Amino acid sequence: MKRRTVGITGIGACIPQQILSNADLEQRHRVSDQWIRRRTGVVERHVCTREQATSDLAVPAARQALAAAGLQPEELQFIITATMTPDHLWPSAGSTIQGRLGAANAGACDLNAACSGFVYALAVGTQLVRSGLYDNVLVIGADVISKFVDWTDPNAYLFGDGAGAVVLQPIADQEEGLIDFMLGSDGSRGDILQLPAGGSRRPSSHETLDQGLHKPVMDGYDTFEFAATAVMDSIEKVLAKTPYSIEDVDLIVPHQANQRLFRPVAKWLGIPVDKFFVNIERYGNTVAASVPIGLYEAVHQGRLKKGHLVVLTAFGAGLTWAGAILRWTYSPNEHHEILHS
Amino acid sequence: MSDVFVRFRQMVAAVRGIDEDRITPESRLVEDLEADSIDIVELMLDAEREFGISIEKQEAQSLRTVGEIVSFIEARLAEQSTSS
Amino acid sequence: MTGRAVGITGIGACVPERVLTNAELERMVETSDEWIRTRTGIRERRIAAPTEATSDLAVPAARQALTAAGIEPEALDVVITATMTPDRLWPSAASTIQGRLGATRAAAFDVNAACSGFVYALALGTQMVGTGFAHKVLIIGADVVSKFLDWTDRNICVLFGDGAGAVVLEPVDEEEEGMVSFFLGSDGARGETMYLPAGGSRRPPSHQTLDEGLHAPLMDGYQTFEFATFAIMDAIERVLKGTPYQIEDVDLIVPHQANIRIIKTAARWLNVPTERFSITIDRYGNTVAASIPLCLYEEVRAGRLKKGDLVLLTSFGAGLTWAGALLRWTYEPASSFHLRDEVERKGEDPLDRQKGGV
């Protein structure tokens, strides 16, 4: 049975132009820059304007990824958008993006696994190419969580908006590409990270708004404990599926949930903390976008080069967590700053 | 000083980035050592790994001083050695 | 497709107990039983109770599918839930379902391709098993669209119902064939044909969006009908292309149940008798992502769908999306196992926090 080798052949990322800094928050709310930095490591985040939504960030990121891969939109066969904040409940953000890209020959759907969504979508997209069903697949991670947070709630200071996209294609076997994945879920602990209202359990109403059920619930202690365990579990399990050990890994690109996570995890793994790529200080936690934005920056800062062994790790609401191990297969022709929309 | 105290003091010093001399059994994690809730989770996860025990959130949140945590860990270790 | 053969090895379904008949709707909005029946083919639909959400219907359907396949929840590798009406925006319905099933080893995620969601999820799940990445995958199609309807909008509220269906995917012997081919399409440029204006990141919920009535679906009936008939024909043509089969070889066509007239039009254009189409719209209305697995379930129960039959699934919906699948049916109910009618439902929110967090 022949299974194809699949690699990332293009990448793009986009964040909103509008910056919300800790200093801005200091002026508007009773919170200090120092407190936010110490708790989270976030210094500033980019947030959408009133008019912008998830597809507005995803489309430029997708166009950039297609250009990097040298693909025309019409050549795409499938688009998976990992998001928990789609423009609408229906149609999917994926379809809206497909239409705006002019990807006339592509199927499109959304995938929701919260902050683990991009790594989940990468795993699914890889199987679509590996099986031979498709040759050109676009995987997007995009979220605009700023529309669902209450800036008077300290939980909000963690978050920011963004989008990232990668193109998956068959590659030569010796390039390795996307080697393996681990995907986990523990719905029995789903209560610790959730948006109580707005779905079929509690549809939006004046009452649910008055009761404050439209802002994210996040239990800090439980979330941090889960995150630390999830990072360890995903890295250990995904490595165990391969001949590689942690020493072989050149770079770990984690979901950017909290700066504080990386030191303990590096300690437990017995690796230097700078093996983790961290950019949370500028973007905050961008949910499903954080891993592809991390990859984008790592590539364009020269920290991630063709041939490097990379581990991705993500975790979030569900609870879900996920890991990926890949040999990096893309080098940019020129340096690009991250796009602003 | 017990072995558990010595090992736990090292962890606290590393997590908080302070000298071990500042840490006594009477030191309160939050008030004296300025640990926040994330430091406390990290310390509990450290202790779980180091000593091979498990500490529930409620238990962790009920312990205030370094000495109380050390006693808790010692009691857990004693339970484990008698039950196995 | 390369990779190993993948087939459906178990099926389950669940609908709410509450039946809403056309006669009752006559008393709620300016409509008539005759108008609804002749325009849509719907006689009655099931509507979730106030406490019931999507996972409450999905869990019993999933349990039944697992029993039918003879596998324990712990054996599952992946749970995929196709839905556009998840319990919450996060966590996903799939994670909630995974937790309630006790599928402790399984990954879980939602797929949203609206009414095409089940066929999309079936295609994704098939590739995951086909490449060897996963071995046992649960595919659920579940929607409770009743929570999002404006019960004074007579053109729309009469069309929908709630429900859930689930199938188990596993590797099967090559000679059993299982999944033969898929087609997945999207035309986002025509997304306004049917959509829910508010509640997402474009227009997050606010008192204003509620006052403006932006939390109920909009639908252009003419364009929808035009798209649906095109989509059925196109999906059928594309899934058959490249396979050794023709429409005459297909034993059963299972179309998304949106409107009986769409199905009859397609039957006429294809020159296939309507008897070879699965039709459940009279009893359930349009159940979104649940409609195809509900049909499959009903056909197995009625003895009209048997192991070895060649089946063609075709769906269309918001997105716009449309999709098709061609498969050799690989499930046979054990003589000791009877597909049941009654279902266990809880209707309590597993994520409600003990200590008043919510």
# chains A, B, ... in the order shown; residues from 1 in each chain; ligands from 1

$ residues_around --residues "Glu31 in chain B" --least-positions-apart "5" --cutoff "10 Å" --atoms "only C-alpha atoms" --output "ChimeraX atom specification"
/B:36,64-65

$ select_by_dssp --residues "chain B" --states "alpha helix (DSSP H)" --output "PyMOL selection string"
chain B and resi 3-16+37-51+57-62+66-83

$ residues_around --residues "range 165-174 of chain A" --least-positions-apart "6" --cutoff "7 Å" --atoms "only C-alpha atoms" --output "list of chain:residue names"
A:Arg4, A:Thr5, A:Val6, A:Gly7, A:Ile8, A:Thr9, A:Gly10, A:Ile11, A:Gly12, A:Ala13, A:Ala61, A:Ala62, A:Ala65, A:Leu66, A:Ala69, A:Val129, A:Asp135, A:Asn136, A:Val137, A:Leu138, A:Val139, A:Ile140, A:Gly141, A:Pro292

$ write_last_selection --atoms "all heavy atoms" --output "compact mmCIF listing (two decimals), in the first residue's frame"
# COMPACT_ATOMS: atom_id res chain seq x y z
N ARG A 4 1.42 8.54 0.23
CA ARG A 4 2.30 9.61 -0.23
C ARG A 4 2.88 10.41 0.93
O ARG A 4 2.27 10.52 1.98
CB ARG A 4 1.53 10.54 -1.16
CG ARG A 4 0.89 9.78 -2.32
CD ARG A 4 0.50 10.68 -3.43
NE ARG A 4 -0.55 11.61 -3.04
CZ ARG A 4 -1.09 12.46 -3.89
NH1 ARG A 4 -0.66 12.52 -5.15
NH2 ARG A 4 -2.04 13.26 -3.50
N THR A 5 4.05 10.97 0.69
CA THR A 5 4.66 11.87 1.65
C THR A 5 4.11 13.28 1.40
O THR A 5 3.95 13.68 0.24
CB THR A 5 6.18 11.83 1.50
OG1 THR A 5 6.59 10.47 1.73
CG2 THR A 5 6.87 12.73 2.49
N VAL A 6 3.80 13.98 2.48
CA VAL A 6 3.12 15.27 2.37
C VAL A 6 3.94 16.34 3.09
O VAL A 6 4.45 16.09 4.19
CB VAL A 6 1.73 15.19 3.04
CG1 VAL A 6 0.95 16.50 2.82
CG2 VAL A 6 0.94 13.99 2.53
N GLY A 7 4.06 17.50 2.48
CA GLY A 7 4.82 18.57 3.13
C GLY A 7 4.13 19.92 3.01
O GLY A 7 3.21 20.10 2.20
N ILE A 8 4.60 20.86 3.83
CA ILE A 8 4.14 22.24 3.75
C ILE A 8 4.97 22.93 2.66
O ILE A 8 6.20 22.94 2.74
CB ILE A 8 4.31 22.95 5.10
CG1 ILE A 8 3.32 22.36 6.12
CG2 ILE A 8 4.13 24.47 4.96
CD1 ILE A 8 3.50 22.88 7.54
N THR A 9 4.31 23.50 1.67
CA THR A 9 5.03 24.11 0.55
C THR A 9 4.78 25.61 0.43
O THR A 9 5.25 26.25 -0.51
CB THR A 9 4.64 23.43 -0.78
OG1 THR A 9 3.22 23.55 -0.93
CG2 THR A 9 5.02 21.95 -0.78
N GLY A 10 4.05 26.16 1.39
CA GLY A 10 3.83 27.61 1.38
C GLY A 10 3.18 28.02 2.68
O GLY A 10 2.47 27.22 3.28
N ILE A 11 3.46 29.25 3.10
CA ILE A 11 2.89 29.71 4.37
C ILE A 11 2.57 31.20 4.30
O ILE A 11 3.27 31.95 3.61
CB ILE A 11 3.84 29.39 5.55
CG1 ILE A 11 3.19 29.73 6.91
CG2 ILE A 11 5.20 30.10 5.41
CD1 ILE A 11 3.88 29.09 8.09
N GLY A 12 1.53 31.62 4.99
CA GLY A 12 1.16 33.03 5.05
C GLY A 12 0.55 33.34 6.41
O GLY A 12 0.10 32.43 7.11
N ALA A 13 0.56 34.59 6.79
CA ALA A 13 -0.05 34.98 8.06
C ALA A 13 -0.55 36.41 7.97
O ALA A 13 -0.03 37.21 7.19
CB ALA A 13 0.95 34.85 9.21
N ALA A 61 -3.97 35.91 4.51
CA ALA A 61 -3.02 34.87 4.91
C ALA A 61 -3.01 33.74 3.88
O ALA A 61 -1.95 33.23 3.49
CB ALA A 61 -3.39 34.32 6.29
N ALA A 62 -4.20 33.38 3.42
CA ALA A 62 -4.33 32.30 2.43
C ALA A 62 -3.69 32.69 1.10
O ALA A 62 -2.97 31.90 0.49
CB ALA A 62 -5.81 31.96 2.23
N ALA A 65 0.01 32.42 1.37
CA ALA A 65 0.45 31.02 1.37
C ALA A 65 0.42 30.43 -0.04
O ALA A 65 1.33 29.69 -0.45
CB ALA A 65 -0.42 30.19 2.32
N LEU A 66 -0.64 30.77 -0.78
CA LEU A 66 -0.75 30.28 -2.16
C LEU A 66 0.38 30.83 -3.02
O LEU A 66 1.01 30.08 -3.79
CB LEU A 66 -2.10 30.67 -2.77
CG LEU A 66 -3.33 29.95 -2.22
CD1 LEU A 66 -4.61 30.54 -2.80
CD2 LEU A 66 -3.26 28.46 -2.53
N ALA A 69 3.57 29.11 -2.33
CA ALA A 69 3.61 27.77 -2.91
C ALA A 69 3.57 27.80 -4.44
O ALA A 69 3.67 26.76 -5.09
CB ALA A 69 2.44 26.94 -2.38
N VAL A 129 -4.19 14.38 1.53
CA VAL A 129 -3.16 14.35 0.48
C VAL A 129 -2.47 12.98 0.46
O VAL A 129 -2.23 12.42 -0.60
CB VAL A 129 -2.13 15.48 0.69
CG1 VAL A 129 -1.05 15.45 -0.39
CG2 VAL A 129 -2.81 16.84 0.70
N ASP A 135 -4.34 16.78 -4.23
CA ASP A 135 -2.93 17.17 -4.37
C ASP A 135 -2.62 18.52 -3.73
O ASP A 135 -1.49 18.77 -3.34
CB ASP A 135 -2.55 17.25 -5.86
CG ASP A 135 -2.63 15.89 -6.52
OD1 ASP A 135 -2.30 14.88 -5.86
OD2 ASP A 135 -3.04 15.83 -7.70
N ASN A 136 -3.61 19.40 -3.69
CA ASN A 136 -3.38 20.77 -3.20
C ASN A 136 -4.42 21.14 -2.15
O ASN A 136 -5.58 21.38 -2.48
CB ASN A 136 -3.48 21.77 -4.35
CG ASN A 136 -2.51 21.46 -5.48
OD1 ASN A 136 -1.37 21.06 -5.24
ND2 ASN A 136 -2.98 21.61 -6.70
N VAL A 137 -3.98 21.18 -0.90
CA VAL A 137 -4.91 21.46 0.20
C VAL A 137 -4.40 22.68 0.98
O VAL A 137 -3.21 22.81 1.24
CB VAL A 137 -5.03 20.23 1.13
CG1 VAL A 137 -5.81 20.57 2.40
CG2 VAL A 137 -5.70 19.07 0.40
N LEU A 138 -5.34 23.57 1.33
CA LEU A 138 -5.00 24.74 2.13
C LEU A 138 -5.54 24.53 3.55
O LEU A 138 -6.72 24.22 3.72
CB LEU A 138 -5.66 25.98 1.50
CG LEU A 138 -5.39 27.33 2.14
CD1 LEU A 138 -3.93 27.74 1.96
CD2 LEU A 138 -6.30 28.40 1.51
N VAL A 139 -4.66 24.69 4.53
CA VAL A 139 -5.07 24.57 5.94
C VAL A 139 -4.90 25.92 6.61
O VAL A 139 -3.79 26.48 6.61
CB VAL A 139 -4.25 23.50 6.67
CG1 VAL A 139 -4.61 23.47 8.16
CG2 VAL A 139 -4.47 22.12 6.05
N ILE A 140 -6.00 26.44 7.15
CA ILE A 140 -6.00 27.78 7.76
C ILE A 140 -6.31 27.64 9.25
O ILE A 140 -7.13 26.82 9.64
CB ILE A 140 -7.09 28.66 7.08
CG1 ILE A 140 -6.80 28.83 5.59
CG2 ILE A 140 -7.21 30.01 7.78
CD1 ILE A 140 -7.95 29.45 4.80
N GLY A 141 -5.65 28.46 10.06
CA GLY A 141 -6.05 28.62 11.46
C GLY A 141 -6.35 30.10 11.64
O GLY A 141 -5.48 30.94 11.41
N PRO A 292 0.30 28.57 13.29
CA PRO A 292 0.79 29.00 11.97
C PRO A 292 1.47 30.37 12.00
O PRO A 292 2.42 30.60 11.24
CB PRO A 292 -0.46 28.99 11.08
CG PRO A 292 -1.61 29.02 12.01
CD PRO A 292 -1.16 28.30 13.26

$ interface_residues --of "chain B" --to "chain A" --cutoff "12 Å" --atoms "only C-alpha atoms" --output "list in words"
Met11, Ala14, Val15, Arg16, Gly17, Glu34, Ala35, Asp36, Ser37, Ile38, Asp39, Ile40, Val41, Glu42, Leu43, Met44, Leu45, Asp46, Ala47, Glu48, Arg49, Glu50, Ile55, Glu56, Lys57, Gln58, Ala60 and Gln61 of chain B

$ residues_around --residues "Asp211 in chain C" --least-positions-apart "4" --cutoff "12 Å" --atoms "only C-alpha atoms" --output "short mmCIF file (atom, residue, chain, number, x, y, z; two decimals) with all heavy atoms, in the first residue's frame"
data_model
loop_
_atom_site.label_atom_id
_atom_site.label_comp_id
_atom_site.auth_asym_id
_atom_site.auth_seq_id
_atom_site.Cartn_x
_atom_site.Cartn_y
_atom_site.Cartn_z
N SER A 204 -28.56 32.61 21.79
CA SER A 204 -28.45 34.00 22.21
C SER A 204 -29.82 34.60 22.49
O SER A 204 -30.74 34.46 21.67
CB SER A 204 -27.78 34.83 21.11
OG SER A 204 -26.54 34.28 20.78
N SER A 205 -29.95 35.27 23.61
CA SER A 205 -31.20 35.96 23.93
C SER A 205 -30.84 37.16 24.81
O SER A 205 -29.71 37.27 25.29
CB SER A 205 -32.15 35.03 24.70
OG SER A 205 -31.61 34.74 25.97
N HIS A 206 -31.80 38.03 25.02
CA HIS A 206 -31.54 39.17 25.92
C HIS A 206 -31.14 38.67 27.30
O HIS A 206 -30.28 39.25 27.96
CB HIS A 206 -32.77 40.07 25.99
CG HIS A 206 -33.02 40.83 24.72
ND1 HIS A 206 -32.16 41.79 24.26
CD2 HIS A 206 -34.01 40.74 23.79
CE1 HIS A 206 -32.62 42.29 23.11
NE2 HIS A 206 -33.75 41.65 22.81
N ALA C 198 -26.27 36.80 12.41
CA ALA C 198 -25.51 37.17 13.61
C ALA C 198 -25.18 35.96 14.46
O ALA C 198 -25.70 34.86 14.27
CB ALA C 198 -26.30 38.19 14.43
N PRO C 205 -23.19 38.37 19.15
CA PRO C 205 -24.50 38.61 19.76
C PRO C 205 -24.51 39.86 20.62
O PRO C 205 -23.59 40.09 21.40
CB PRO C 205 -24.73 37.38 20.64
CG PRO C 205 -23.63 36.43 20.38
CD PRO C 205 -22.57 37.12 19.59
N SER C 206 -25.54 40.66 20.47
CA SER C 206 -25.71 41.87 21.30
C SER C 206 -27.21 42.13 21.38
O SER C 206 -27.99 41.54 20.63
CB SER C 206 -25.01 43.07 20.65
OG SER C 206 -25.68 43.42 19.45
N HIS C 207 -27.58 43.00 22.29
CA HIS C 207 -29.01 43.35 22.37
C HIS C 207 -29.49 43.90 21.03
O HIS C 207 -30.61 43.64 20.61
CB HIS C 207 -29.23 44.37 23.49
CG HIS C 207 -29.08 43.77 24.86
ND1 HIS C 207 -29.93 42.81 25.36
CD2 HIS C 207 -28.14 43.95 25.82
CE1 HIS C 207 -29.55 42.45 26.57
NE2 HIS C 207 -28.44 43.13 26.88
N HIS C 215 -30.74 36.87 14.42
CA HIS C 215 -30.35 35.53 14.89
C HIS C 215 -31.26 34.44 14.34
O HIS C 215 -31.32 33.35 14.90
CB HIS C 215 -30.33 35.51 16.43
CG HIS C 215 -29.20 36.31 17.00
ND1 HIS C 215 -28.00 35.76 17.35
CD2 HIS C 215 -29.08 37.65 17.23
CE1 HIS C 215 -27.19 36.71 17.82
NE2 HIS C 215 -27.81 37.87 17.74
N ALA C 216 -31.96 34.75 13.26
CA ALA C 216 -32.79 33.74 12.60
C ALA C 216 -32.31 33.60 11.15
O ALA C 216 -31.85 34.57 10.56
CB ALA C 216 -34.25 34.17 12.62
#

$ atom_distance --atom1 "CA of Glu52 in chain C" --atom2 "CA of Leu111 in chain A"
23.2 Å

$ residues_around --residues "Thr131 in chain C" --least-positions-apart "4" --cutoff "12 Å" --atoms "only C-alpha atoms" --output "ChimeraX atom specification"
/A:1-5,123-133,180 /C:1-6,124-127,135,170-171

$ write_last_selection --atoms "N, CA, C and O atoms" --output "CSV table (one decimal), in the first residue's frame"
chain,number,residue,atom,x,y,z
A,1,MET,N,0.8,-1.2,0.0
A,1,MET,CA,0.0,0.0,0.0
A,1,MET,C,0.9,1.2,0.0
A,1,MET,O,1.7,1.5,0.9
A,2,LYS,N,0.7,2.1,-1.0
A,2,LYS,CA,1.5,3.3,-1.2
A,2,LYS,C,0.9,4.5,-0.5
A,2,LYS,O,-0.3,4.8,-0.9
A,3,ARG,N,1.5,5.1,0.4
A,3,ARG,CA,1.0,6.3,1.0
A,3,ARG,C,2.0,7.4,0.6
A,3,ARG,O,3.2,7.3,0.8
A,4,ARG,N,1.4,8.5,0.2
A,4,ARG,CA,2.3,9.6,-0.2
A,4,ARG,C,2.9,10.4,0.9
A,4,ARG,O,2.3,10.5,2.0
A,5,THR,N,4.0,11.0,0.7
A,5,THR,CA,4.7,11.9,1.7
A,5,THR,C,4.1,13.3,1.4
A,5,THR,O,3.9,13.7,0.2
A,123,ALA,N,-3.4,17.6,10.6
A,123,ALA,CA,-3.5,16.1,10.6
A,123,ALA,C,-4.5,15.6,9.6
A,123,ALA,O,-4.2,14.7,8.8
A,124,VAL,N,-5.7,16.3,9.6
A,124,VAL,CA,-6.7,15.8,8.7
A,124,VAL,C,-6.3,16.1,7.2
A,124,VAL,O,-6.4,15.3,6.3
A,125,GLY,N,-5.8,17.3,7.0
A,125,GLY,CA,-5.4,17.7,5.6
A,125,GLY,C,-4.3,16.8,5.1
A,125,GLY,O,-4.3,16.4,3.9
A,126,THR,N,-3.4,16.4,6.0
A,126,THR,CA,-2.3,15.5,5.6
A,126,THR,C,-2.9,14.2,5.1
A,126,THR,O,-2.4,13.6,4.1
A,127,GLN,N,-3.9,13.6,5.8
A,127,GLN,CA,-4.5,12.4,5.3
A,127,GLN,C,-5.1,12.5,4.0
A,127,GLN,O,-5.1,11.6,3.2
A,128,LEU,N,-5.7,13.7,3.7
A,128,LEU,CA,-6.4,14.0,2.4
A,128,LEU,C,-5.4,13.9,1.3
A,128,LEU,O,-5.7,13.4,0.2
A,129,VAL,N,-4.2,14.4,1.5
A,129,VAL,CA,-3.2,14.4,0.5
A,129,VAL,C,-2.5,13.0,0.5
A,129,VAL,O,-2.2,12.4,-0.6
A,130,ARG,N,-2.2,12.5,1.6
A,130,ARG,CA,-1.5,11.2,1.7
A,130,ARG,C,-2.3,10.1,1.0
A,130,ARG,O,-1.7,9.2,0.3
A,131,SER,N,-3.6,10.1,1.2
A,131,SER,CA,-4.4,9.0,0.6
A,131,SER,C,-4.5,9.1,-0.9
A,131,SER,O,-5.0,8.2,-1.6
A,132,GLY,N,-4.1,10.3,-1.5
A,132,GLY,CA,-4.3,10.5,-2.9
A,132,GLY,C,-5.6,11.2,-3.3
A,132,GLY,O,-5.8,11.4,-4.5
A,133,LEU,N,-6.5,11.5,-2.3
A,133,LEU,CA,-7.7,12.1,-2.7
A,133,LEU,C,-7.5,13.5,-3.3
A,133,LEU,O,-8.1,13.9,-4.3
A,180,ASP,N,4.2,12.7,11.6
A,180,ASP,CA,3.1,12.0,12.4
A,180,ASP,C,2.4,13.0,13.3
A,180,ASP,O,2.9,14.2,13.5
C,1,MET,N,-8.3,6.3,-5.2
C,1,MET,CA,-7.8,6.5,-3.8
C,1,MET,C,-6.8,5.3,-3.5
C,1,MET,O,-7.1,4.2,-3.8
C,2,THR,N,-5.7,5.7,-2.9
C,2,THR,CA,-4.8,4.6,-2.4
C,2,THR,C,-5.2,4.3,-1.0
C,2,THR,O,-5.9,5.1,-0.4
C,3,GLY,N,-4.6,3.3,-0.4
C,3,GLY,CA,-4.9,3.0,1.0
C,3,GLY,C,-5.8,1.9,1.2
C,3,GLY,O,-6.3,1.3,0.2
C,4,ARG,N,-6.1,1.6,2.4
C,4,ARG,CA,-7.0,0.4,2.6
C,4,ARG,C,-8.4,0.7,2.5
C,4,ARG,O,-8.9,1.9,2.6
C,5,ALA,N,-9.2,-0.4,2.3
C,5,ALA,CA,-10.7,-0.2,2.1
C,5,ALA,C,-11.3,0.1,3.4
C,5,ALA,O,-10.9,-0.4,4.5
C,6,VAL,N,-12.3,1.0,3.4
C,6,VAL,CA,-12.9,1.5,4.6
C,6,VAL,C,-14.4,1.4,4.4
C,6,VAL,O,-15.0,1.7,3.4
C,124,LEU,N,-13.6,12.9,5.2
C,124,LEU,CA,-12.4,13.1,6.1
C,124,LEU,C,-12.1,11.9,6.9
C,124,LEU,O,-11.0,11.5,7.0
C,125,GLY,N,-13.1,11.3,7.5
C,125,GLY,CA,-13.0,10.1,8.3
C,125,GLY,C,-12.4,9.0,7.5
C,125,GLY,O,-11.6,8.2,8.0
C,126,THR,N,-12.9,8.8,6.3
C,126,THR,CA,-12.5,7.7,5.4
C,126,THR,C,-11.0,7.9,5.1
C,126,THR,O,-10.3,6.8,5.2
C,127,GLN,N,-10.5,9.1,4.9
C,127,GLN,CA,-9.1,9.2,4.6
C,127,GLN,C,-8.3,8.9,5.8
C,127,GLN,O,-7.2,8.4,5.7
C,135,HIS,N,-8.1,3.8,13.1
C,135,HIS,CA,-8.7,2.5,12.8
C,135,HIS,C,-10.2,2.5,13.0
C,135,HIS,O,-10.9,1.8,12.3
C,170,GLU,N,-14.6,1.7,9.8
C,170,GLU,CA,-13.5,0.8,10.1
C,170,GLU,C,-12.9,0.2,8.8
C,170,GLU,O,-13.6,0.3,7.8
C,171,PRO,N,-11.7,-0.3,8.9
C,171,PRO,CA,-11.1,-1.0,7.7
C,171,PRO,C,-12.0,-2.2,7.4
C,171,PRO,O,-12.5,-2.8,8.3

$ residues_around --residues "range 332-334 of chain A" --least-positions-apart "2" --cutoff "9 Å" --atoms "only C-alpha atoms" --output "PyMOL selection string"
chain A and resi 10-11+68+299-300+330+336

$ residues_around --residues "Val291 in chain A" --least-positions-apart "4" --cutoff "9 Å" --atoms "only C-alpha atoms" --output "JSON, numbers by chain"
{"A": [115, 116, 118, 119, 141, 164, 253, 254, 255, 256, 286, 287, 295, 296, 312, 313, 314]}

$ write_last_selection --atoms "N, CA, C and O atoms" --output "mmCIF file, in the first residue's frame"
data_model
loop_
_atom_site.group_PDB
_atom_site.id
_atom_site.type_symbol
_atom_site.label_atom_id
_atom_site.label_comp_id
_atom_site.auth_asym_id
_atom_site.auth_seq_id
_atom_site.Cartn_x
_atom_site.Cartn_y
_atom_site.Cartn_z
ATOM 1 N N CYS A 115 -8.229 25.851 20.331
ATOM 2 C CA CYS A 115 -6.828 26.250 20.131
ATOM 3 C C CYS A 115 -5.996 25.127 19.511
ATOM 4 O O CYS A 115 -4.912 25.382 18.985
ATOM 5 N N SER A 116 -6.478 23.881 19.575
ATOM 6 C CA SER A 116 -5.775 22.771 18.927
ATOM 7 C C SER A 116 -6.173 22.648 17.464
ATOM 8 O O SER A 116 -5.682 21.755 16.760
ATOM 9 N N PHE A 118 -5.675 24.146 14.566
ATOM 10 C CA PHE A 118 -4.760 24.142 13.426
ATOM 11 C C PHE A 118 -4.007 22.817 13.326
ATOM 12 O O PHE A 118 -3.874 22.261 12.237
ATOM 13 N N VAL A 119 -3.535 22.297 14.449
ATOM 14 C CA VAL A 119 -2.788 21.029 14.397
ATOM 15 C C VAL A 119 -3.734 19.881 14.014
ATOM 16 O O VAL A 119 -3.374 18.995 13.224
ATOM 17 N N GLY A 141 -5.653 28.458 10.058
ATOM 18 C CA GLY A 141 -6.049 28.623 11.460
ATOM 19 C C GLY A 141 -6.351 30.098 11.640
ATOM 20 O O GLY A 141 -5.476 30.940 11.407
ATOM 21 N N GLY A 164 -3.366 32.357 10.127
ATOM 22 C CA GLY A 164 -2.207 31.797 9.444
ATOM 23 C C GLY A 164 -2.681 30.694 8.511
ATOM 24 O O GLY A 164 -3.762 30.135 8.720
ATOM 25 N N VAL A 253 7.309 24.677 18.093
ATOM 26 C CA VAL A 253 6.406 25.819 17.905
ATOM 27 C C VAL A 253 5.122 25.498 18.643
ATOM 28 O O VAL A 253 4.305 24.704 18.178
ATOM 29 N N PRO A 254 4.954 26.102 19.822
ATOM 30 C CA PRO A 254 3.788 25.781 20.640
ATOM 31 C C PRO A 254 2.654 26.772 20.436
ATOM 32 O O PRO A 254 2.880 27.910 20.002
ATOM 33 N N HIS A 255 1.457 26.345 20.795
ATOM 34 C CA HIS A 255 0.354 27.285 20.941
ATOM 35 C C HIS A 255 0.756 28.320 21.990
ATOM 36 O O HIS A 255 1.281 27.968 23.043
ATOM 37 N N GLN A 256 0.522 29.593 21.681
ATOM 38 C CA GLN A 256 0.957 30.672 22.566
ATOM 39 C C GLN A 256 -0.177 31.014 23.531
ATOM 40 O O GLN A 256 -0.995 31.892 23.261
ATOM 41 N N THR A 286 -3.748 33.787 20.073
ATOM 42 C CA THR A 286 -4.606 33.974 18.900
ATOM 43 C C THR A 286 -5.360 32.690 18.533
ATOM 44 O O THR A 286 -5.751 32.492 17.380
ATOM 45 N N VAL A 287 -5.569 31.826 19.501
ATOM 46 C CA VAL A 287 -6.392 30.609 19.367
ATOM 47 C C VAL A 287 -5.828 29.731 18.253
ATOM 48 O O VAL A 287 -4.656 29.377 18.304
ATOM 49 N N LEU A 295 4.936 29.597 13.157
ATOM 50 C CA LEU A 295 5.725 29.009 12.061
ATOM 51 C C LEU A 295 6.165 30.093 11.086
ATOM 52 O O LEU A 295 7.312 30.128 10.639
ATOM 53 N N TYR A 296 5.224 30.983 10.761
ATOM 54 C CA TYR A 296 5.513 32.044 9.794
ATOM 55 C C TYR A 296 6.668 32.913 10.276
ATOM 56 O O TYR A 296 7.610 33.202 9.541
ATOM 57 N N LEU A 312 5.180 20.622 16.715
ATOM 58 C CA LEU A 312 4.108 21.571 17.026
ATOM 59 C C LEU A 312 3.311 21.000 18.197
ATOM 60 O O LEU A 312 3.083 19.792 18.250
ATOM 61 N N THR A 313 2.909 21.867 19.110
ATOM 62 C CA THR A 313 2.075 21.395 20.214
ATOM 63 C C THR A 313 1.002 22.433 20.510
ATOM 64 O O THR A 313 1.280 23.642 20.516
ATOM 65 N N ALA A 314 -0.221 21.957 20.708
ATOM 66 C CA ALA A 314 -1.335 22.869 20.947
ATOM 67 C C ALA A 314 -2.315 22.227 21.914
ATOM 68 O O ALA A 314 -2.347 21.008 22.061
#

$ closest_residue --among "A:Glu337, A:Glu26, A:Asp250, A:Asp186" --to "Ala103 in chain C" --atoms "only C-alpha atoms"
A:Asp186

$ closest_residue --among "C:Val180, C:Val167, C:Ala23, C:Val145" --to "chain A" --atoms "only C-alpha atoms"
C:Val145
